[in-house]
$ cat start_29.csv   # CSV, C-alpha atoms
chain,number,residue,atom,x,y,z
A,25,MET,CA,51.0,120.7,70.7
A,26,SER,CA,49.7,120.6,67.1
A,27,ALA,CA,51.2,117.3,66.0
A,28,ALA,CA,50.3,118.0,62.3
A,29,ASP,CA,52.6,121.0,62.3
A,30,ASP,CA,55.6,119.2,63.7
A,31,LYS,CA,58.3,118.8,61.1
A,32,PHE,CA,59.5,115.5,62.5
A,33,LYS,CA,57.8,112.4,64.0
A,34,PRO,CA,59.1,109.6,66.2
A,35,GLY,CA,61.6,107.4,64.4
A,36,ASP,CA,62.7,110.1,61.9
A,37,ARG,CA,66.4,110.3,61.4
A,38,VAL,CA,67.7,113.8,62.0
A,39,LYS,CA,71.0,115.6,62.0
A,40,VAL,CA,71.8,118.4,64.5
A,41,LYS,CA,72.9,121.5,62.7
A,42,PHE,CA,76.5,122.5,63.1
A,43,GLU,CA,76.3,126.2,63.9
A,44,ASP,CA,78.6,128.4,65.9
A,45,ARG,CA,76.9,131.6,67.0
A,46,PRO,CA,76.7,133.6,70.2
A,47,GLY,CA,73.7,133.7,72.4
A,48,HIS,CA,71.8,131.5,74.9
A,49,ILE,CA,72.1,128.3,72.9
A,50,ARG,CA,70.5,125.2,74.4
A,51,THR,CA,72.1,122.8,71.9
A,52,PRO,CA,75.3,121.4,73.5
A,53,TRP,CA,78.5,121.7,71.5
A,54,TYR,CA,79.3,118.0,71.6
A,55,ILE,CA,76.1,117.0,69.8
A,56,ARG,CA,76.2,119.5,67.0
A,57,GLY,CA,76.7,117.9,63.6
A,58,LYS,CA,75.7,114.4,65.0
A,59,THR,CA,73.0,112.2,63.6
A,60,GLY,CA,70.3,110.5,65.7
A,61,TRP,CA,66.6,109.9,65.6
A,62,VAL,CA,63.4,111.4,67.1
A,63,GLU,CA,62.4,109.5,70.3
A,64,ARG,CA,59.6,111.8,71.4
A,65,VAL,CA,57.9,115.0,70.4
A,66,TYR,CA,57.5,117.1,73.5
A,67,GLY,CA,55.4,119.9,71.9
A,68,GLU,CA,55.9,123.6,71.6
A,69,PHE,CA,57.8,125.8,74.0
A,70,LEU,CA,58.8,129.4,74.2
A,71,ASN,CA,62.2,129.9,72.5
A,72,PRO,CA,64.9,130.2,75.2
A,73,GLU,CA,67.3,131.8,72.7
A,74,SER,CA,64.8,134.8,72.7
A,75,LEU,CA,63.6,134.6,76.4
A,76,ALA,CA,67.2,134.8,77.7
A,77,PHE,CA,67.5,138.3,76.3
A,78,GLY,CA,64.2,139.6,77.7
A,79,ARG,CA,62.2,139.0,74.5
A,80,ASP,CA,58.9,137.2,74.2
A,81,GLY,CA,60.1,133.8,73.2
A,82,LEU,CA,57.8,133.8,70.2
A,83,PRO,CA,57.3,132.1,67.8
A,84,LYS,CA,57.3,129.0,69.9
A,85,LYS,CA,59.6,126.1,68.9
A,86,THR,CA,58.8,122.4,68.9
A,87,LEU,CA,61.0,120.5,71.3
A,88,TYR,CA,62.1,116.9,70.5
A,89,LEU,CA,63.8,114.2,72.5
A,90,ILE,CA,66.6,113.1,70.2
A,91,ALA,CA,68.4,109.8,70.7
A,92,PHE,CA,72.0,109.1,69.6
A,93,HIS,CA,74.1,106.0,69.8
A,94,GLN,CA,77.1,106.6,72.2
A,95,GLY,CA,79.3,105.3,69.4
A,96,ASP,CA,78.0,107.8,66.9
A,97,VAL,CA,78.9,110.6,69.3
A,98,TRP,CA,82.2,109.5,70.8
A,99,GLY,CA,83.5,106.8,68.4
A,100,GLU,CA,84.0,103.1,68.7
A,101,SER,CA,85.1,102.8,72.4
A,102,ALA,CA,81.5,103.3,73.6
A,103,LYS,CA,79.3,100.4,74.4
A,104,THR,CA,77.2,99.7,71.4
A,105,GLN,CA,73.8,99.6,73.1
A,106,ASP,CA,74.3,102.8,75.2
A,107,LYS,CA,72.5,106.0,74.2
A,108,ILE,CA,72.6,109.7,74.8
A,109,LEU,CA,69.3,111.5,74.7
A,110,VAL,CA,69.2,115.3,74.3
A,111,ASP,CA,66.2,117.8,74.2
A,112,ILE,CA,66.6,119.8,71.0
A,113,TYR,CA,64.5,122.5,69.4
A,114,GLU,CA,63.2,122.0,65.9
A,115,HIS,CA,65.3,124.9,64.3
A,116,TRP,CA,68.5,123.0,65.3
A,117,LEU,CA,67.4,119.9,63.4
A,118,GLU,CA,67.6,118.9,59.7
A,119,PRO,CA,66.2,115.8,58.0
A,120,VAL,CA,68.5,112.9,57.1
A,121,ALA,CA,67.6,111.1,53.9
B,6,MET,CA,82.1,129.5,100.1
B,7,SER,CA,85.0,128.7,102.3
B,8,ASP,CA,85.2,132.4,103.0
B,9,LEU,CA,82.0,132.2,104.8
B,10,THR,CA,82.8,129.1,106.8
B,11,SER,CA,86.3,130.2,107.7
B,12,ASP,CA,84.7,132.8,110.0
B,13,ALA,CA,84.5,131.1,113.4
B,14,HIS,CA,81.9,133.5,114.6
B,15,GLY,CA,79.6,132.5,111.7
B,16,HIS,CA,78.7,136.1,110.8
B,17,GLU,CA,76.3,136.3,107.9
B,18,HIS,CA,78.2,139.2,106.4
B,19,PRO,CA,82.0,138.7,106.6
B,20,LYS,CA,82.4,141.4,103.8
B,21,ASN,CA,86.1,141.6,103.9
B,22,GLU,CA,86.5,137.9,103.2
B,23,LEU,CA,83.9,137.5,100.5
B,24,SER,CA,84.7,136.3,97.0
B,25,ASP,CA,84.0,138.6,94.1
B,26,HIS,CA,81.0,136.6,93.2
B,27,ALA,CA,79.6,136.8,96.7
B,28,LYS,CA,80.2,140.5,96.9
B,29,ARG,CA,78.3,141.0,93.6
B,30,ILE,CA,75.4,138.9,94.9
B,31,TYR,CA,75.1,140.9,98.1
B,32,ALA,CA,75.4,144.1,96.2
B,33,ILE,CA,72.6,143.1,93.8
B,34,ARG,CA,70.5,141.9,96.8
B,35,ASP,CA,71.0,145.3,98.6
B,36,LEU,CA,70.1,147.2,95.5
B,37,LEU,CA,66.9,145.2,94.9
B,38,ILE,CA,65.8,145.8,98.5
B,39,GLU,CA,66.8,149.5,98.3
B,40,LYS,CA,64.8,150.0,95.1
B,41,GLY,CA,61.8,148.2,96.5
B,42,VAL,CA,61.8,145.4,93.9
B,43,ILE,CA,61.8,142.7,96.7
B,44,THR,CA,61.9,142.7,100.5
B,45,GLU,CA,64.1,140.9,103.0
B,46,LYS,CA,61.1,138.9,103.8
B,47,ASP,CA,60.7,137.8,100.2
B,48,ILE,CA,64.2,136.5,100.2
B,49,GLN,CA,63.8,134.6,103.4
B,50,CYS,CA,60.5,133.1,102.2
B,51,GLN,CA,62.3,131.9,99.0
B,52,ILE,CA,65.2,130.4,101.1
B,53,ASP,CA,62.7,128.6,103.3
B,54,TYR,CA,60.8,127.3,100.2
B,55,GLN,CA,64.1,126.1,98.6
B,56,GLU,CA,65.1,124.3,101.8
B,57,ALA,CA,61.7,122.7,102.3
B,58,ARG,CA,62.0,120.7,99.1
B,59,THR,CA,64.0,117.6,99.7
B,60,PRO,CA,64.6,114.2,98.0
B,61,ALA,CA,61.9,112.8,100.5
B,62,ASN,CA,59.4,114.0,98.0
B,63,GLY,CA,60.9,111.9,95.3
B,64,ALA,CA,61.3,108.9,97.6
B,65,LYS,CA,57.6,109.1,98.5
B,66,LEU,CA,56.6,109.1,94.8
B,67,VAL,CA,58.9,106.2,94.0
B,68,ALA,CA,57.8,104.0,97.0
B,69,ARG,CA,54.1,104.6,96.1
B,70,ALA,CA,54.8,103.6,92.5
B,71,TRP,CA,56.5,100.4,93.7
B,72,VAL,CA,53.5,99.3,95.8
B,73,ASP,CA,50.7,100.6,93.6
B,74,SER,CA,51.0,99.6,90.0
B,75,ALA,CA,48.0,101.8,89.0
B,76,PHE,CA,49.7,104.8,90.6
B,77,LYS,CA,52.9,103.9,88.7
B,78,VAL,CA,51.1,104.1,85.4
B,79,ARG,CA,49.7,107.5,86.3
B,80,PHE,CA,53.1,108.7,87.6
B,81,VAL,CA,54.8,107.8,84.3
B,82,ALA,CA,51.9,109.1,82.1
B,83,ASP,CA,51.3,112.4,84.0
B,84,PRO,CA,53.9,113.0,86.7
B,85,LYS,CA,52.6,116.4,87.8
B,86,ALA,CA,49.1,115.0,88.4
B,87,ALA,CA,50.6,112.1,90.3
B,88,CYS,CA,52.6,114.6,92.5
B,89,ALA,CA,49.4,116.5,93.2
B,90,GLU,CA,47.7,113.2,94.4
B,91,LEU,CA,50.4,112.9,97.1
B,92,GLY,CA,50.3,116.6,98.0
B,93,ILE,CA,53.6,117.4,96.3
B,94,ASP,CA,53.6,120.7,94.5
B,95,ALA,CA,55.4,120.2,91.2
B,96,THR,CA,53.7,123.2,89.4
B,97,ALA,CA,57.0,125.1,89.3
B,98,ILE,CA,58.3,122.6,86.7
B,99,ASN,CA,57.5,123.4,83.2
B,100,GLU,CA,57.5,119.8,81.9
B,101,PHE,CA,58.2,116.8,84.1
B,102,VAL,CA,59.1,113.4,82.7
B,103,VAL,CA,59.6,110.2,84.6
B,104,LEU,CA,62.2,107.7,83.3
B,105,GLU,CA,61.4,104.2,84.4
B,106,ASN,CA,64.3,101.8,84.9
B,107,THR,CA,63.9,98.2,84.0
B,108,GLU,CA,66.1,95.1,84.2
B,109,LYS,CA,67.4,95.9,80.8
B,110,VAL,CA,67.5,99.7,80.9
B,111,ARG,CA,69.1,102.2,83.3
B,112,HIS,CA,68.6,106.0,82.9
B,113,MET,CA,70.9,108.7,84.2
B,114,VAL,CA,70.3,112.4,84.2
B,115,VAL,CA,72.8,115.3,83.6
B,116,CYS,CA,72.6,118.9,82.5
B,117,THR,CA,75.8,119.5,80.5
B,118,LEU,CA,74.9,123.2,79.9
B,119,CYS,CA,74.2,124.2,83.5
B,120,SER,CA,72.5,122.4,86.4
B,121,CYS,CA,68.8,121.8,85.4
B,122,TYR,CA,67.3,119.5,88.0
B,123,PRO,CA,63.8,118.6,89.2
B,124,ARG,CA,64.0,120.9,92.3
B,125,PRO,CA,60.4,120.6,93.5
B,126,ILE,CA,60.9,116.8,93.7
B,127,LEU,CA,64.5,116.5,94.8
B,128,GLY,CA,65.4,119.9,96.3
B,129,ARG,CA,68.7,121.6,95.5
B,130,PRO,CA,71.1,119.6,93.4
B,131,PRO,CA,74.2,118.2,95.1
B,132,ASP,CA,77.5,120.1,94.3
B,133,TRP,CA,78.8,117.1,92.2
B,134,TYR,CA,75.8,117.4,89.9
B,135,LYS,CA,76.8,120.9,89.1
B,136,SER,CA,80.6,120.2,88.7
B,137,PHE,CA,82.3,120.3,85.3
B,138,ASN,CA,83.7,116.9,86.1
B,139,TYR,CA,80.2,115.2,86.3
B,140,ARG,CA,78.7,117.2,83.5
B,141,GLN,CA,81.5,116.2,81.1
B,142,ARG,CA,81.9,112.6,82.2
B,143,ALA,CA,78.2,111.7,82.5
B,144,VAL,CA,77.8,111.9,78.7
B,145,VAL,CA,81.3,110.6,77.7
B,146,ASP,CA,81.6,107.7,80.2
B,147,PRO,CA,78.4,107.1,82.1
B,148,ARG,CA,79.4,103.6,83.1
B,149,GLY,CA,82.6,105.0,84.6
B,150,VAL,CA,80.7,107.5,86.6
B,151,MET,CA,78.3,104.9,87.9
B,152,ARG,CA,81.2,102.7,88.9
B,153,GLU,CA,82.5,105.5,91.1
B,154,PHE,CA,79.1,105.5,92.8
B,155,GLY,CA,79.6,101.8,93.5
B,156,PHE,CA,77.2,100.7,90.7
B,157,GLU,CA,78.2,98.5,87.8
B,158,PRO,CA,75.4,98.0,85.2
B,159,PRO,CA,75.6,94.5,83.6
B,160,ASP,CA,77.0,94.4,80.1
B,161,ASP,CA,73.6,93.5,78.6
B,162,VAL,CA,71.9,96.6,80.2
B,163,GLU,CA,71.3,99.6,78.0
B,164,VAL,CA,72.5,102.9,79.7
B,165,ARG,CA,70.5,105.9,78.5
B,166,VAL,CA,72.0,109.3,79.6
B,167,HIS,CA,69.5,112.2,79.4
B,168,ASP,CA,71.1,115.6,78.9
B,169,SER,CA,68.5,117.9,80.3
B,170,THR,CA,69.1,120.9,78.0
B,171,ALA,CA,65.7,122.5,77.7
B,172,ASP,CA,62.3,122.7,79.4
B,173,ILE,CA,62.0,119.1,80.6
B,174,ARG,CA,63.0,118.0,84.1
B,175,TYR,CA,63.7,114.3,84.5
B,176,LEU,CA,63.3,112.0,87.4
B,177,VAL,CA,64.5,108.4,87.3
B,178,LEU,CA,62.1,105.8,88.7
B,179,PRO,CA,64.6,103.2,90.0
B,180,LEU,CA,63.9,99.4,90.1
B,181,ARG,CA,62.3,98.1,93.2
B,182,PRO,CA,65.1,96.1,95.0
B,183,LYS,CA,64.6,92.3,95.1
B,184,GLY,CA,63.6,90.8,98.4
B,185,THR,CA,61.4,93.7,99.5
B,186,GLN,CA,58.0,92.1,99.0
B,187,GLY,CA,55.7,93.0,101.8
B,188,TRP,CA,57.7,96.0,103.0
B,189,SER,CA,55.9,99.0,104.2
B,190,GLU,CA,55.8,102.1,102.0
B,191,ASP,CA,57.7,104.1,104.6
B,192,ASP,CA,60.5,101.5,104.7
B,193,LEU,CA,60.7,101.3,100.9
B,194,ALA,CA,61.0,105.1,100.7
B,195,LYS,CA,64.2,104.8,102.8
B,196,LEU,CA,65.8,102.7,100.1
B,197,VAL,CA,65.2,105.5,97.5
B,198,THR,CA,68.3,107.7,97.6
B,199,ARG,CA,68.6,111.0,95.9
B,200,ASP,CA,71.4,109.5,93.7
B,201,SER,CA,69.1,106.6,92.6
B,202,MET,CA,66.6,109.2,91.3
B,203,ILE,CA,69.4,111.0,89.4
B,204,GLY,CA,70.2,107.5,88.1
B,205,VAL,CA,73.9,107.2,89.0
B,206,MET,CA,73.0,104.1,91.0
B,207,ASP,CA,70.2,101.7,91.9
B,208,ALA,CA,68.1,102.1,95.0
B,209,LEU,CA,69.6,100.6,98.1
B,210,ASN,CA,68.7,96.9,98.8
B,211,SER,CA,68.7,97.1,102.6
B,212,LEU,CA,67.8,99.8,105.1
B,213,PRO,CA,70.6,102.3,105.8
B,214,GLU,CA,72.0,102.1,109.3
$ encode --input "start_29.csv" --output "structure tokens"
Amino acid sequence: MSAADDKFKPGDRVKVKFEDRPGHIRTPWYIRGKTGWVERVYGEFLNPESLAFGRDGLPKKTLYLIAFHQGDVWGESAKTQDKILVDIYEHWLEPVA
Amino acid sequence: MSDLTSDAHGHEHPKNELSDHAKRIYAIRDLLIEKGVITEKDIQCQIDYQEARTPANGAKLVARAWVDSAFKVRFVADPKAACAELGIDATAINEFVVLENTEKVRHMVVCTLCSCYPRPILGRPPDWYKSFNYRQRAVVDPRGVMREFGFEPPDDVEVRVHDSTADIRYLVLPLRPKGTQGWSEDDLAKLVTRDSMIGVMDALNSLPE
């Protein structure tokens, strides 16, 4: 939970990496490549992409609550004020200028 | 599942009618017991434990939060400690977050990847929660899903869908229904449905028949 080491802070705009690789991936397909912002920093957790294969889950990964406008995910038809919030590990996020 | 119920005699082991998945599960169970990894008793204890956890736990927490604003603050700030106060064991949850609904915000929980669910608080998830239909539509059209549960959030309300993809388990703290001032905590708890704590609808506003 060492806040100083976290790459992102609440309010930062971030983009979810668009990667397609096999494994126990906890980043849903529909949110890859989408841009949102950091809502909360949850702290460090063992990496499920490693745990799922019987490994130790280390190094731990910082987990964030990332918010997205419905419209940015699905297009114009969504209600403007509605949001999707997804828990995403740091290594799936990149900064948006 | 229908394979099991179709047997009028209710045998636990209608082997010739089992689906491939069920056959595999029984085979793994038998092997685990045979190899001494677990015992029949372990399995029964686990089944009893799973069955003992019901949405009544969540309803008790919500009703207490409605009548005791100091408890509500603690419940939102540190849900696990608040559970312990009421004698509810939430230690099995890695991280537990409470999402408080307001007049302007409604939360709804889904797990699009599998069926992550706050089991110590709500018990086993309903089948619809695990269905592909809900998991897809909850994120694409949450208002449409809510409508099917008989709930229509007003246009000026913000709907926040939480996709529970990682270590956090979410519980929605529904709004206290209007006109329930002075109600007992026990009666209030009867208004708190499982579905209102998943967030697909508000709490009931009158006691169920």
$ closest_atom_pairs --input "start_29.csv" --of "chain A" --to "chain B" --cutoff "10 Å" --atoms "only C-alpha atoms" --output "CSV"
residue,atom,partner,partner_atom,distance
A:Ile49,CA,B:Leu118,CA,9.1
A:Arg50,CA,B:Thr170,CA,5.8
A:Thr51,CA,B:Thr170,CA,7.1
A:Pro52,CA,B:Leu118,CA,6.7
A:Trp53,CA,B:Leu118,CA,9.3
A:Tyr54,CA,B:Val144,CA,9.5
A:Tyr66,CA,B:Ile173,CA,8.6
A:Phe69,CA,B:Asp172,CA,7.7
A:Leu70,CA,B:Asp172,CA,9.2
A:Asn71,CA,B:Ala171,CA,9.7
A:Pro72,CA,B:Ala171,CA,8.1
A:Leu87,CA,B:Ala171,CA,8.2
A:Tyr88,CA,B:Ala171,CA,9.8
A:Leu89,CA,B:His167,CA,9.2
A:Ile90,CA,B:His167,CA,9.7
A:Ala91,CA,B:Arg165,CA,9.0
A:Phe92,CA,B:Arg165,CA,9.6
A:His93,CA,B:Arg165,CA,9.4
A:Gln94,CA,B:Val145,CA,8.0
A:Val97,CA,B:Val145,CA,8.7
A:Trp98,CA,B:Val145,CA,7.0
A:Ser101,CA,B:Asp146,CA,9.9
A:Ala102,CA,B:Asp146,CA,7.9
A:Lys103,CA,B:Asp160,CA,8.6
A:Thr104,CA,B:Glu163,CA,8.9
A:Gln105,CA,B:Glu163,CA,5.5
A:Asp106,CA,B:Val164,CA,4.8
A:Lys107,CA,B:Arg165,CA,4.7
A:Ile108,CA,B:Val166,CA,4.9
A:Leu109,CA,B:His167,CA,4.8
A:Val110,CA,B:Asp168,CA,5.0
A:Asp111,CA,B:Thr170,CA,5.7
A:Ile112,CA,B:Ala171,CA,7.3
A:Tyr113,CA,B:Ala171,CA,8.4
$ write_last_selection --input "start_29.csv" --atoms "C-alpha atoms" --output "compact mmCIF listing (two decimals), keeping the file's coordinate frame"
# COMPACT_ATOMS: atom_id res chain seq x y z
CA ILE A 49 72.10 128.30 72.90
CA ARG A 50 70.50 125.20 74.40
CA THR A 51 72.10 122.80 71.90
CA PRO A 52 75.30 121.40 73.50
CA TRP A 53 78.50 121.70 71.50
CA TYR A 54 79.30 118.00 71.60
CA TYR A 66 57.50 117.10 73.50
CA PHE A 69 57.80 125.80 74.00
CA LEU A 70 58.80 129.40 74.20
CA ASN A 71 62.20 129.90 72.50
CA PRO A 72 64.90 130.20 75.20
CA LEU A 87 61.00 120.50 71.30
CA TYR A 88 62.10 116.90 70.50
CA LEU A 89 63.80 114.20 72.50
CA ILE A 90 66.60 113.10 70.20
CA ALA A 91 68.40 109.80 70.70
CA PHE A 92 72.00 109.10 69.60
CA HIS A 93 74.10 106.00 69.80
CA GLN A 94 77.10 106.60 72.20
CA VAL A 97 78.90 110.60 69.30
CA TRP A 98 82.20 109.50 70.80
CA SER A 101 85.10 102.80 72.40
CA ALA A 102 81.50 103.30 73.60
CA LYS A 103 79.30 100.40 74.40
CA THR A 104 77.20 99.70 71.40
CA GLN A 105 73.80 99.60 73.10
CA ASP A 106 74.30 102.80 75.20
CA LYS A 107 72.50 106.00 74.20
CA ILE A 108 72.60 109.70 74.80
CA LEU A 109 69.30 111.50 74.70
CA VAL A 110 69.20 115.30 74.30
CA ASP A 111 66.20 117.80 74.20
CA ILE A 112 66.60 119.80 71.00
CA TYR A 113 64.50 122.50 69.40
$ atom_distance --input "start_29.csv" --atom1 "CA of Gln55 (chain B)" --atom2 "CA of Leu127 (chain B)"
10.3 Å
$ residues_near_point --input "start_29.csv" --point "(78.2, 102.6, 91.3)" --cutoff "12 Å" --atoms "only C-alpha atoms" --output "tab-separated table (two decimals) with C-alpha atoms, in the coordinates of the input"
chain	number	residue	atom	x	y	z
B	113	MET	CA	70.90	108.70	84.20
B	147	PRO	CA	78.40	107.10	82.10
B	148	ARG	CA	79.40	103.60	83.10
B	149	GLY	CA	82.60	105.00	84.60
B	150	VAL	CA	80.70	107.50	86.60
B	151	MET	CA	78.30	104.90	87.90
B	152	ARG	CA	81.20	102.70	88.90
B	153	GLU	CA	82.50	105.50	91.10
B	154	PHE	CA	79.10	105.50	92.80
B	155	GLY	CA	79.60	101.80	93.50
B	156	PHE	CA	77.20	100.70	90.70
B	157	GLU	CA	78.20	98.50	87.80
B	158	PRO	CA	75.40	98.00	85.20
B	159	PRO	CA	75.60	94.50	83.60
B	200	ASP	CA	71.40	109.50	93.70
B	201	SER	CA	69.10	106.60	92.60
B	204	GLY	CA	70.20	107.50	88.10
B	205	VAL	CA	73.90	107.20	89.00
B	206	MET	CA	73.00	104.10	91.00
B	207	ASP	CA	70.20	101.70	91.90
B	208	ALA	CA	68.10	102.10	95.00
B	209	LEU	CA	69.60	100.60	98.10
$ atom_distance --input "start_29.csv" --atom1 "CA of Phe80 (chain B)" --atom2 "CA of Ile98 (chain B)"
14.9 Å
$ closest_residue --input "start_29.csv" --among "B:Leu212, B:Cys88, B:Ala97, B:Val72" --to "Tyr54 (chain B)" --atoms "all atoms listed in the file"
B:Ala97
